[in-house]
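Q: upload-v8.cif (mmCIF, C-alpha atoms) pasted underneath:
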```cif
data_model
loop_
_atom_site.label_atom_id
_atom_site.label_comp_id
_atom_site.auth_asym_id
_atom_site.auth_seq_id
_atom_site.Cartn_x
_atom_site.Cartn_y
_atom_site.Cartn_z
CA MET A 1 18.18 33.10 -37.86
CA LYS A 2 17.05 33.73 -34.29
CA ASN A 3 16.79 37.49 -34.88
CA LYS A 4 14.72 36.90 -38.00
CA LYS A 5 12.38 34.68 -36.01
CA ASN A 6 12.06 37.31 -33.27
CA ASN A 7 11.12 39.94 -35.88
CA ASN A 8 7.91 37.99 -36.49
CA TYR A 9 6.68 38.76 -32.97
CA SER A 10 5.50 42.01 -31.44
CA ARG A 11 7.44 43.67 -28.63
CA GLU A 12 4.71 42.78 -26.16
CA HIS A 13 4.77 39.11 -27.18
CA LEU A 14 8.57 38.98 -26.87
CA ALA A 15 8.28 40.49 -23.39
CA TYR A 16 5.68 37.86 -22.50
CA LEU A 17 7.93 35.03 -23.74
CA LYS A 18 10.87 36.44 -21.79
CA LYS A 19 8.75 36.67 -18.64
CA ASN A 20 7.69 33.01 -19.04
CA ARG A 21 11.30 31.94 -19.63
CA ASN A 22 12.48 33.81 -16.54
CA LYS A 23 9.67 32.26 -14.49
CA LYS A 24 10.76 28.76 -15.55
CA ILE A 25 14.37 29.53 -14.61
CA ILE A 26 13.26 30.80 -11.19
CA VAL A 27 11.23 27.62 -10.60
CA VAL A 28 14.19 25.37 -11.51
CA LEU A 29 16.62 27.36 -9.35
CA ALA A 30 14.17 27.41 -6.43
CA ARG A 31 13.75 23.62 -6.61
CA ALA A 32 17.51 23.12 -6.67
CA LEU A 33 18.02 25.57 -3.79
CA ILE A 34 15.40 23.84 -1.61
CA LEU A 35 17.12 20.49 -2.20
CA VAL A 36 20.56 21.90 -1.39
CA ILE A 37 19.28 23.59 1.79
CA PHE A 38 17.52 20.39 2.90
CA LEU A 39 20.63 18.24 2.38
CA GLY A 40 22.86 20.87 4.01
CA VAL A 41 20.66 21.21 7.11
CA TRP A 42 20.36 17.42 7.35
CA GLU A 43 24.15 17.03 7.20
CA LEU A 44 24.79 19.78 9.77
CA LEU A 45 22.23 18.38 12.23
CA ALA A 46 23.86 14.95 11.94
CA GLN A 47 27.42 16.30 12.28
CA PHE A 48 26.61 18.32 15.42
CA LYS A 49 24.63 15.38 16.90
CA VAL A 50 21.37 17.35 17.03
CA ILE A 51 19.89 14.21 15.48
CA ASP A 52 21.27 10.71 15.90
CA PRO A 53 23.12 9.88 12.64
CA PHE A 54 22.80 6.16 13.40
CA ILE A 55 19.00 6.42 13.24
CA ILE A 56 18.49 9.28 10.75
CA SER A 57 21.75 8.85 8.79
CA SER A 58 23.15 11.82 6.83
CA PRO A 59 23.93 12.77 3.21
CA SER A 60 27.61 11.92 3.67
CA ARG A 61 26.78 8.48 5.09
CA VAL A 62 24.28 7.90 2.26
CA ALA A 63 26.96 8.85 -0.29
CA LYS A 64 29.44 6.45 1.39
CA THR A 65 26.86 3.63 1.32
CA ILE A 66 26.19 4.26 -2.38
CA ALA A 67 29.94 4.10 -3.03
CA ASP A 68 30.21 0.82 -1.08
CA LEU A 69 27.31 -0.72 -3.04
CA TYR A 70 28.95 0.39 -6.29
CA LYS A 71 32.32 -1.09 -5.29
CA GLY A 72 30.58 -4.31 -4.32
CA GLY A 73 28.97 -4.47 -7.77
CA THR A 74 25.41 -4.63 -6.41
CA LEU A 75 24.21 -1.02 -6.78
CA PHE A 76 23.04 -1.15 -10.39
CA TYR A 77 21.84 -4.72 -10.01
CA HIS A 78 19.35 -3.78 -7.28
CA ILE A 79 18.36 -0.59 -9.11
CA GLY A 80 17.87 -2.51 -12.35
CA VAL A 81 15.64 -5.14 -10.71
CA THR A 82 13.34 -2.54 -9.15
CA LEU A 83 13.27 -0.44 -12.33
CA MET A 84 12.30 -3.47 -14.42
CA GLU A 85 9.50 -4.45 -12.04
CA THR A 86 8.20 -0.88 -11.84
CA PHE A 87 8.30 -0.13 -15.56
CA VAL A 88 6.66 -3.42 -16.56
CA GLY A 89 3.95 -3.06 -13.92
CA PHE A 90 3.42 0.59 -14.90
CA ALA A 91 3.01 -0.26 -18.60
CA ILE A 92 0.64 -3.16 -17.96
CA ALA A 93 -1.49 -1.11 -15.54
CA ILE A 94 -1.79 1.79 -18.01
CA ILE A 95 -2.69 -0.45 -20.98
CA LEU A 96 -5.20 -2.60 -19.08
CA GLY A 97 -6.64 0.40 -17.23
CA TYR A 98 -7.13 2.31 -20.48
CA ALA A 99 -8.78 -0.69 -22.14
CA ALA A 100 -11.06 -1.24 -19.13
CA ALA A 101 -12.06 2.44 -19.16
CA ILE A 102 -13.00 2.20 -22.85
CA ILE A 103 -15.15 -0.87 -22.17
CA LEU A 104 -16.91 0.82 -19.24
CA TRP A 105 -17.47 4.00 -21.28
CA SER A 106 -18.87 2.00 -24.20
CA SER A 107 -21.67 0.48 -22.13
CA GLU A 108 -23.49 2.41 -19.42
CA THR A 109 -25.13 -0.82 -18.23
CA VAL A 110 -21.78 -2.55 -17.77
CA ARG A 111 -20.44 0.57 -16.03
CA LYS A 112 -23.30 0.66 -13.51
CA ILE A 113 -22.93 -3.07 -12.80
CA ALA A 114 -19.15 -2.89 -12.36
CA GLU A 115 -18.92 0.40 -10.46
CA PRO A 116 -19.49 -0.93 -6.90
CA TYR A 117 -17.03 -3.78 -7.46
CA ILE A 118 -14.40 -1.34 -8.74
CA VAL A 119 -14.84 0.86 -5.65
CA VAL A 120 -14.53 -2.16 -3.34
CA LEU A 121 -11.41 -3.44 -5.12
CA ASN A 122 -9.84 0.02 -4.94
CA SER A 123 -10.43 0.26 -1.19
CA LEU A 124 -9.07 -3.24 -0.54
CA PRO A 125 -5.66 -3.14 1.24
CA LYS A 126 -3.47 -4.78 -1.39
CA ILE A 127 -0.81 -5.79 1.11
CA ALA A 128 -3.35 -8.18 2.66
CA LEU A 129 -3.29 -10.18 -0.59
CA GLY A 130 0.45 -10.74 -0.30
CA PRO A 131 0.29 -14.35 0.98
CA LEU A 132 -2.29 -15.24 -1.66
CA ILE A 133 -0.18 -13.71 -4.42
CA ILE A 134 2.77 -15.85 -3.33
CA ILE A 135 0.60 -18.99 -3.45
CA TRP A 136 -1.00 -18.06 -6.80
CA ILE A 137 2.03 -16.77 -8.70
CA GLY A 138 5.13 -17.80 -6.78
CA THR A 139 8.06 -15.90 -5.32
CA GLY A 140 9.68 -14.51 -8.45
CA TYR A 141 9.49 -11.22 -10.33
CA ASP A 142 6.01 -12.09 -11.59
CA ALA A 143 4.53 -11.75 -8.10
CA ILE A 144 6.05 -8.28 -7.63
CA ILE A 145 4.89 -7.11 -11.06
CA PHE A 146 1.41 -8.45 -10.28
CA MET A 147 1.36 -6.43 -7.04
CA THR A 148 2.45 -3.32 -8.97
CA VAL A 149 -0.38 -3.78 -11.47
CA LEU A 150 -2.86 -4.50 -8.68
CA VAL A 151 -2.02 -1.25 -6.88
CA SER A 152 -2.19 0.90 -10.04
CA ILE A 153 -4.82 -0.51 -12.37
CA ILE A 154 -8.03 0.50 -10.56
CA VAL A 155 -6.94 4.11 -10.17
CA CYS A 156 -5.85 4.23 -13.83
CA THR A 157 -9.23 2.85 -14.90
CA MET A 158 -11.25 5.26 -12.74
CA ASN A 159 -9.19 8.29 -13.80
CA MET A 160 -9.50 7.52 -17.51
CA LEU A 161 -13.21 6.73 -17.21
CA SER A 162 -13.77 10.09 -15.50
CA GLY A 163 -11.94 11.78 -18.39
CA PHE A 164 -14.07 9.98 -20.97
CA ILE A 165 -17.32 10.85 -19.20
CA ALA A 166 -16.30 14.51 -18.72
CA VAL A 167 -16.05 15.18 -22.48
CA ASP A 168 -18.30 18.08 -23.59
CA LYS A 169 -21.87 16.79 -23.95
CA THR A 170 -22.57 19.28 -26.75
CA LYS A 171 -19.82 17.75 -28.87
CA LEU A 172 -21.14 14.26 -28.16
CA LEU A 173 -24.60 15.35 -29.26
CA LEU A 174 -23.12 16.86 -32.43
CA MET A 175 -21.31 13.59 -33.25
CA LYS A 176 -24.52 11.65 -32.64
CA SER A 177 -26.58 13.99 -34.86
CA MET A 178 -24.06 13.47 -37.66
CA GLY A 179 -24.59 9.71 -37.44
CA ALA A 180 -21.19 8.86 -35.95
CA SER A 181 -20.90 5.37 -34.52
CA ARG A 182 -19.71 4.67 -30.97
CA ALA A 183 -16.30 3.61 -32.29
CA THR A 184 -15.95 6.75 -34.45
CA THR A 185 -16.94 8.98 -31.53
CA LEU A 186 -14.34 7.27 -29.38
CA ARG A 187 -11.60 7.63 -31.97
CA LYS A 188 -12.39 11.14 -33.21
CA LEU A 189 -13.60 12.85 -30.04
CA ILE A 190 -13.24 10.97 -26.75
CA ILE A 191 -9.60 9.89 -27.00
CA PRO A 192 -8.23 13.26 -28.25
CA ALA A 193 -10.34 15.25 -25.77
CA SER A 194 -9.22 13.13 -22.82
CA PHE A 195 -5.48 13.51 -23.49
CA PRO A 196 -4.96 15.78 -20.42
CA THR A 197 -6.60 13.10 -18.28
CA LEU A 198 -4.27 10.47 -19.77
CA VAL A 199 -1.23 12.57 -18.86
CA ASN A 200 -2.51 13.08 -15.31
CA THR A 201 -3.18 9.34 -15.07
CA LEU A 202 0.41 8.62 -16.15
CA LYS A 203 1.68 10.96 -13.43
CA VAL A 204 -0.46 9.30 -10.77
CA ALA A 205 0.50 5.83 -12.01
CA VAL A 206 4.20 6.67 -11.62
CA GLY A 207 3.84 7.01 -7.86
CA LEU A 208 1.50 4.04 -7.53
CA SER A 209 3.83 1.82 -9.57
CA TRP A 210 6.74 2.54 -7.24
CA ILE A 211 4.52 1.89 -4.23
CA GLY A 212 3.37 -1.42 -5.75
CA SER A 213 6.85 -2.65 -6.65
CA ILE A 214 8.28 -1.81 -3.21
CA MET A 215 5.28 -3.43 -1.50
CA GLY A 216 5.90 -6.53 -3.61
CA GLU A 217 9.59 -6.55 -2.68
CA TYR A 218 8.66 -6.21 0.99
CA ILE A 219 6.59 -9.38 0.73
CA VAL A 220 8.81 -11.52 -1.46
CA SER A 221 12.12 -10.58 -3.06
CA LYS A 222 15.77 -11.51 -3.16
CA ALA A 223 16.92 -8.32 -4.86
CA GLY A 224 15.84 -4.75 -5.45
CA LEU A 225 15.68 -1.53 -3.45
CA GLY A 226 12.75 -2.80 -1.38
CA TYR A 227 14.83 -5.84 -0.48
CA LEU A 228 17.67 -3.55 0.66
CA ILE A 229 15.25 -1.59 2.86
CA VAL A 230 13.91 -4.77 4.49
CA TYR A 231 17.38 -6.28 4.90
CA GLY A 232 18.82 -3.04 6.28
CA GLY A 233 16.03 -2.83 8.86
CA GLN A 234 16.52 -6.44 9.93
CA VAL A 235 20.27 -6.06 10.57
CA PHE A 236 20.02 -2.44 11.83
CA ARG A 237 21.98 -1.03 8.90
CA LEU A 238 19.87 2.11 8.82
CA ASP A 239 22.30 3.86 6.47
CA LEU A 240 21.37 1.20 3.91
CA VAL A 241 17.66 1.85 4.52
CA MET A 242 18.07 5.62 4.03
CA THR A 243 20.28 5.06 0.97
CA ALA A 244 17.73 2.80 -0.73
CA THR A 245 14.97 5.31 0.14
CA PHE A 246 17.03 8.18 -1.31
CA ILE A 247 17.67 6.26 -4.53
CA LEU A 248 13.94 5.50 -4.77
CA CYS A 249 13.15 9.21 -4.52
CA VAL A 250 15.63 10.03 -7.28
CA LEU A 251 14.31 7.29 -9.60
CA ALA A 252 10.66 8.22 -8.98
CA GLY A 253 11.49 11.87 -9.69
CA GLY A 254 13.29 10.88 -12.89
CA MET A 255 10.35 8.75 -14.05
CA TYR A 256 7.96 11.62 -13.35
CA GLY A 257 10.28 13.92 -15.33
CA ILE A 258 10.15 11.54 -18.32
CA VAL A 259 6.34 11.67 -18.27
CA THR A 260 6.48 15.49 -18.14
CA VAL A 261 8.85 15.62 -21.13
CA ILE A 262 6.57 13.26 -23.09
CA GLU A 263 3.62 15.51 -22.25
CA LYS A 264 5.42 18.59 -23.59
CA LYS A 265 6.56 16.83 -26.77
CA ILE A 266 3.11 15.42 -27.59
CA THR A 267 1.40 18.72 -26.73
CA LYS A 268 3.63 20.57 -29.21
#
```
Have the structure of the file written as structure tokens, please.
A:
Amino acid sequence: MKNKKNNNYSREHLAYLKKNRNKKIIVVLARALILVIFLGVWELLAQFKVIDPFIISSPSRVAKTIADLYKGGTLFYHIGVTLMETFVGFAIAIILGYAAAIILWSSETVRKIAEPYIVVLNSLPKIALGPLIIIWIGTGYDAIIFMTVLVSIIVCTMNMLSGFIAVDKTKLLLMKSMGASRATTLRKLIIPASFPTLVNTLKVAVGLSWIGSIMGEYIVSKAGLGYLIVYGGQVFRLDLVMTATFILCVLAGGMYGIVTVIEKKITK
């Protein structure tokens, strides 16, 4: 079946596909090699006391801490709490940001009025609102999710709005000349044409969502990876701090990978 499929392509095209496949393999292997080298050098420097393992930790100490958290039954609990907060905040920020971008695109007057306020809100240090968020919402998961949305939503809105505005003006003029309404133009042209911007916004929102959830856990939390980082710093268990940070990196990378897979599937 595979040979029959290959017969439909020219020799040059098959060579091109093979070259692309080999390039992807090289990229994956290079990424894995860089990670292995980094962890190996880190471990060697810690073992030979070139760096202080108490302060910097080491891969073996991180692995031991992960095993201890697993044996204590708290590893997946803390991971699950942070994942829930991040995913919920991520989804809310994307949905509200997309809706806000559509509203701003629909009315140039509204966009011009709101633009300076959006810029100011984006530049506002969100951590400064921590005490107010506690007073407004409380000390539960809702406050952390609210912080996650607060960190992500403005950037999501601005990115999507830029994608909407950047759509080819010639195509917009064509839609207008054919008598298309604003809603039809949005549905038939703007949304499909801005798909690459949506994907890029998702990728940016992944990082911002993790930042928001950890910031929220710094301010008020009784569980989660951010809580472990704060607790570990307070009692000088720096292995715990490095372990929670390492797990965060793995989870953020995995979430980014999910977005990339979705991009490839939808693109096909």
Q: Residue by residue, what does the PyMOL selection byres ((chain A and resi 91) around 12) grab here? Present the result as a list of chain:residue names.
A: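 Applying the PyMOL selection byres ((chain A and resi 91) around 12) to the structure shown produces A:Met84, A:Glu85, A:Thr86, A:Phe87, A:Val88, A:Gly89, A:Phe90, A:Ile92, A:Ala93, A:Ile94, A:Ile95, A:Leu96, A:Gly97, A:Tyr98, A:Ile145, A:Phe146, A:Thr148, A:Val149, A:Ser152, A:Ile153, A:Cys156, A:Thr201, A:Leu202, A:Ala205, A:Val206, A:Leu208, A:Ser209.
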Q: So how far away is atom CA of Trp42 of chain A from atom CA of Ser58 of chain A, in Å?
A: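 For atom CA of Ser58 of chain A relative to atom CA of Trp42 of chain A, the distance reads 6.3 Å.
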Q: What is the distance, in Å and to one decimal place, between atom CA of Ala99 of chain A and atom CA of Thr139 of chain A?
A: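 About the pair atom CA of Ala99 of chain A and atom CA of Thr139 of chain A: they are 28.2 Å apart.
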Q: Which residues, protein or nucleic acid, reach to within 12 Å of (25.5, 12.4, -1.8) in the file's coordinates when using all atoms listed in the file, and can you give that as number ranges by chain?
A: A: 35-36, 39-40, 42-43, 57-67, 242-243, 246-247, 250
Q: Which residue is closest to Asp142 of chain A? Choose from A:Gly73, A:Lys188, A:Glu217, A:Ile113 and count only C-alpha atoms.
A: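 Answer, going by the shortest atom-to-atom distance: A:Glu217.
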Q: Would you mind listing what lies within 12 Å of Gly140 of chain A as a list in words, with only C-alpha atoms counted and same-chain residues fewer than 6 positions away left out?
A: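 My list of contacting residues is Val81, Glu85, Ile133, Ile134, Phe146, Met147, Gly216, Glu217, Ile219, Val220, Ser221, Lys222, Ala223 and Gly224 of chain A.
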Q: Between atom CA of Pro116 of chain A and atom CA of Leu150 of chain A, what is the distance, to one decimal in Å?
A: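 Going from atom CA of Pro116 of chain A over to atom CA of Leu150 of chain A, I get 17.1 Å.
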Q: Which neighbours of Gly163 of chain A fall inside 8 Å, counting all atoms listed in the file, when residues of the same chain fewer than 5 positions from it are skipped, and could you give them as a list of chain:residue names?
A: A:Ser194, A:Thr197, A:Leu198
Q: If you apply the PyMOL selection byres ((chain A and resi 253-263) around 10) to this file, what residues do you get, as a list in words?
A: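 Selection result, ordered by chain and number: Leu83, Phe87, Phe195, Pro196, Leu198, Val199, Asn200, Leu202, Lys203, Val204, Ala205, Val206, Gly207, Trp210, Ile247, Leu248, Cys249, Val250, Leu251, Ala252, Lys264, Lys265, Ile266, Thr267 and Lys268 of chain A.
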Q: Would you mind telling me which residue in A:Ala32, A:Ala101, A:Ile51, A:Ile214 lies nearest to Thr157 of chain A when using all atoms listed in the file?
A: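 Between A:Ala32, A:Ala101, A:Ile51, A:Ile214, the residue approaching Thr157 of chain A most closely is A:Ala101.
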Q: Have segment 179-203 of chain A completed to N, CA, C and O atoms, please, and pass it along as a PDB file, keeping the file's coordinate frame.
A:
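Listing of out39.pdb after writing:
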```pdb
ATOM      1  N   GLY A 179     -24.546  11.139 -37.148  1.00  0.00           N
ATOM      2  CA  GLY A 179     -24.590   9.710 -37.440  1.00  0.00           C
ATOM      3  C   GLY A 179     -23.324   8.954 -37.134  1.00  0.00           C
ATOM      4  O   GLY A 179     -23.120   7.844 -37.644  1.00  0.00           O
ATOM      5  N   ALA A 180     -22.451   9.525 -36.284  1.00  0.00           N
ATOM      6  CA  ALA A 180     -21.190   8.860 -35.950  1.00  0.00           C
ATOM      7  C   ALA A 180     -21.461   7.642 -35.059  1.00  0.00           C
ATOM      8  O   ALA A 180     -22.286   7.690 -34.152  1.00  0.00           O
ATOM      9  N   SER A 181     -20.765   6.571 -35.335  1.00  0.00           N
ATOM     10  CA  SER A 181     -20.900   5.370 -34.520  1.00  0.00           C
ATOM     11  C   SER A 181     -20.166   5.558 -33.190  1.00  0.00           C
ATOM     12  O   SER A 181     -19.421   6.518 -33.000  1.00  0.00           O
ATOM     13  N   ARG A 182     -20.376   4.613 -32.275  1.00  0.00           N
ATOM     14  CA  ARG A 182     -19.710   4.670 -30.970  1.00  0.00           C
ATOM     15  C   ARG A 182     -18.187   4.613 -31.146  1.00  0.00           C
ATOM     16  O   ARG A 182     -17.444   5.333 -30.474  1.00  0.00           O
ATOM     17  N   ALA A 183     -17.736   3.760 -32.055  1.00  0.00           N
ATOM     18  CA  ALA A 183     -16.300   3.610 -32.290  1.00  0.00           C
ATOM     19  C   ALA A 183     -15.709   4.882 -32.885  1.00  0.00           C
ATOM     20  O   ALA A 183     -14.610   5.318 -32.504  1.00  0.00           O
ATOM     21  N   THR A 184     -16.427   5.504 -33.830  1.00  0.00           N
ATOM     22  CA  THR A 184     -15.950   6.750 -34.450  1.00  0.00           C
ATOM     23  C   THR A 184     -15.903   7.874 -33.424  1.00  0.00           C
ATOM     24  O   THR A 184     -14.946   8.665 -33.402  1.00  0.00           O
ATOM     25  N   THR A 185     -16.911   7.962 -32.574  1.00  0.00           N
ATOM     26  CA  THR A 185     -16.940   8.980 -31.530  1.00  0.00           C
ATOM     27  C   THR A 185     -15.761   8.807 -30.582  1.00  0.00           C
ATOM     28  O   THR A 185     -15.119   9.781 -30.178  1.00  0.00           O
ATOM     29  N   LEU A 186     -15.464   7.554 -30.250  1.00  0.00           N
ATOM     30  CA  LEU A 186     -14.340   7.270 -29.380  1.00  0.00           C
ATOM     31  C   LEU A 186     -13.026   7.707 -30.013  1.00  0.00           C
ATOM     32  O   LEU A 186     -12.209   8.380 -29.380  1.00  0.00           O
ATOM     33  N   ARG A 187     -12.850   7.359 -31.288  1.00  0.00           N
ATOM     34  CA  ARG A 187     -11.600   7.630 -31.970  1.00  0.00           C
ATOM     35  C   ARG A 187     -11.418   9.109 -32.302  1.00  0.00           C
ATOM     36  O   ARG A 187     -10.310   9.654 -32.149  1.00  0.00           O
ATOM     37  N   LYS A 188     -12.489   9.761 -32.724  1.00  0.00           N
ATOM     38  CA  LYS A 188     -12.390  11.140 -33.210  1.00  0.00           C
ATOM     39  C   LYS A 188     -12.571  12.193 -32.124  1.00  0.00           C
ATOM     40  O   LYS A 188     -12.071  13.316 -32.254  1.00  0.00           O
ATOM     41  N   LEU A 189     -13.286  11.842 -31.047  1.00  0.00           N
ATOM     42  CA  LEU A 189     -13.600  12.850 -30.040  1.00  0.00           C
ATOM     43  C   LEU A 189     -13.099  12.478 -28.648  1.00  0.00           C
ATOM     44  O   LEU A 189     -12.338  13.247 -28.043  1.00  0.00           O
ATOM     45  N   ILE A 190     -13.501  11.313 -28.150  1.00  0.00           N
ATOM     46  CA  ILE A 190     -13.240  10.970 -26.750  1.00  0.00           C
ATOM     47  C   ILE A 190     -11.749  10.857 -26.455  1.00  0.00           C
ATOM     48  O   ILE A 190     -11.249  11.473 -25.501  1.00  0.00           O
ATOM     49  N   ILE A 191     -11.029  10.097 -27.258  1.00  0.00           N
ATOM     50  CA  ILE A 191      -9.600   9.890 -27.000  1.00  0.00           C
ATOM     51  C   ILE A 191      -8.802  11.189 -27.116  1.00  0.00           C
ATOM     52  O   ILE A 191      -8.016  11.509 -26.212  1.00  0.00           O
ATOM     53  N   PRO A 192      -8.969  11.991 -28.200  1.00  0.00           N
ATOM     54  CA  PRO A 192      -8.230  13.260 -28.250  1.00  0.00           C
ATOM     55  C   PRO A 192      -8.597  14.225 -27.119  1.00  0.00           C
ATOM     56  O   PRO A 192      -7.732  14.891 -26.551  1.00  0.00           O
ATOM     57  N   ALA A 193      -9.898  14.299 -26.790  1.00  0.00           N
ATOM     58  CA  ALA A 193     -10.340  15.250 -25.770  1.00  0.00           C
ATOM     59  C   ALA A 193      -9.873  14.867 -24.377  1.00  0.00           C
ATOM     60  O   ALA A 193      -9.735  15.740 -23.506  1.00  0.00           O
ATOM     61  N   SER A 194      -9.618  13.586 -24.155  1.00  0.00           N
ATOM     62  CA  SER A 194      -9.220  13.130 -22.820  1.00  0.00           C
ATOM     63  C   SER A 194      -7.702  13.004 -22.667  1.00  0.00           C
ATOM     64  O   SER A 194      -7.229  12.403 -21.700  1.00  0.00           O
ATOM     65  N   PHE A 195      -6.945  13.579 -23.585  1.00  0.00           N
ATOM     66  CA  PHE A 195      -5.480  13.510 -23.490  1.00  0.00           C
ATOM     67  C   PHE A 195      -4.944  14.093 -22.183  1.00  0.00           C
ATOM     68  O   PHE A 195      -4.062  13.494 -21.558  1.00  0.00           O
ATOM     69  N   PRO A 196      -5.449  15.274 -21.721  1.00  0.00           N
ATOM     70  CA  PRO A 196      -4.960  15.780 -20.420  1.00  0.00           C
ATOM     71  C   PRO A 196      -5.196  14.801 -19.285  1.00  0.00           C
ATOM     72  O   PRO A 196      -4.357  14.670 -18.383  1.00  0.00           O
ATOM     73  N   THR A 197      -6.316  14.097 -19.321  1.00  0.00           N
ATOM     74  CA  THR A 197      -6.600  13.100 -18.280  1.00  0.00           C
ATOM     75  C   THR A 197      -5.611  11.944 -18.357  1.00  0.00           C
ATOM     76  O   THR A 197      -5.167  11.424 -17.332  1.00  0.00           O
ATOM     77  N   LEU A 198      -5.250  11.537 -19.589  1.00  0.00           N
ATOM     78  CA  LEU A 198      -4.270  10.470 -19.770  1.00  0.00           C
ATOM     79  C   LEU A 198      -2.931  10.864 -19.153  1.00  0.00           C
ATOM     80  O   LEU A 198      -2.293  10.063 -18.455  1.00  0.00           O
ATOM     81  N   VAL A 199      -2.509  12.101 -19.405  1.00  0.00           N
ATOM     82  CA  VAL A 199      -1.230  12.570 -18.860  1.00  0.00           C
ATOM     83  C   VAL A 199      -1.275  12.578 -17.334  1.00  0.00           C
ATOM     84  O   VAL A 199      -0.333  12.132 -16.668  1.00  0.00           O
ATOM     85  N   ASN A 200      -2.377  13.079 -16.772  1.00  0.00           N
ATOM     86  CA  ASN A 200      -2.510  13.080 -15.310  1.00  0.00           C
ATOM     87  C   ASN A 200      -2.522  11.660 -14.752  1.00  0.00           C
ATOM     88  O   ASN A 200      -1.968  11.396 -13.678  1.00  0.00           O
ATOM     89  N   THR A 201      -3.155  10.744 -15.490  1.00  0.00           N
ATOM     90  CA  THR A 201      -3.180   9.340 -15.070  1.00  0.00           C
ATOM     91  C   THR A 201      -1.770   8.751 -15.076  1.00  0.00           C
ATOM     92  O   THR A 201      -1.396   8.000 -14.168  1.00  0.00           O
ATOM     93  N   LEU A 202      -0.981   9.085 -16.096  1.00  0.00           N
ATOM     94  CA  LEU A 202       0.410   8.620 -16.150  1.00  0.00           C
ATOM     95  C   LEU A 202       1.191   9.119 -14.929  1.00  0.00           C
ATOM     96  O   LEU A 202       1.966   8.368 -14.324  1.00  0.00           O
ATOM     97  N   LYS A 203       0.973  10.390 -14.571  1.00  0.00           N
ATOM     98  CA  LYS A 203       1.680  10.960 -13.430  1.00  0.00           C
ATOM     99  C   LYS A 203       1.293  10.271 -12.132  1.00  0.00           C
ATOM    100  O   LYS A 203       2.139   9.992 -11.279  1.00  0.00           O
TER     101      LYS A 203
END
```
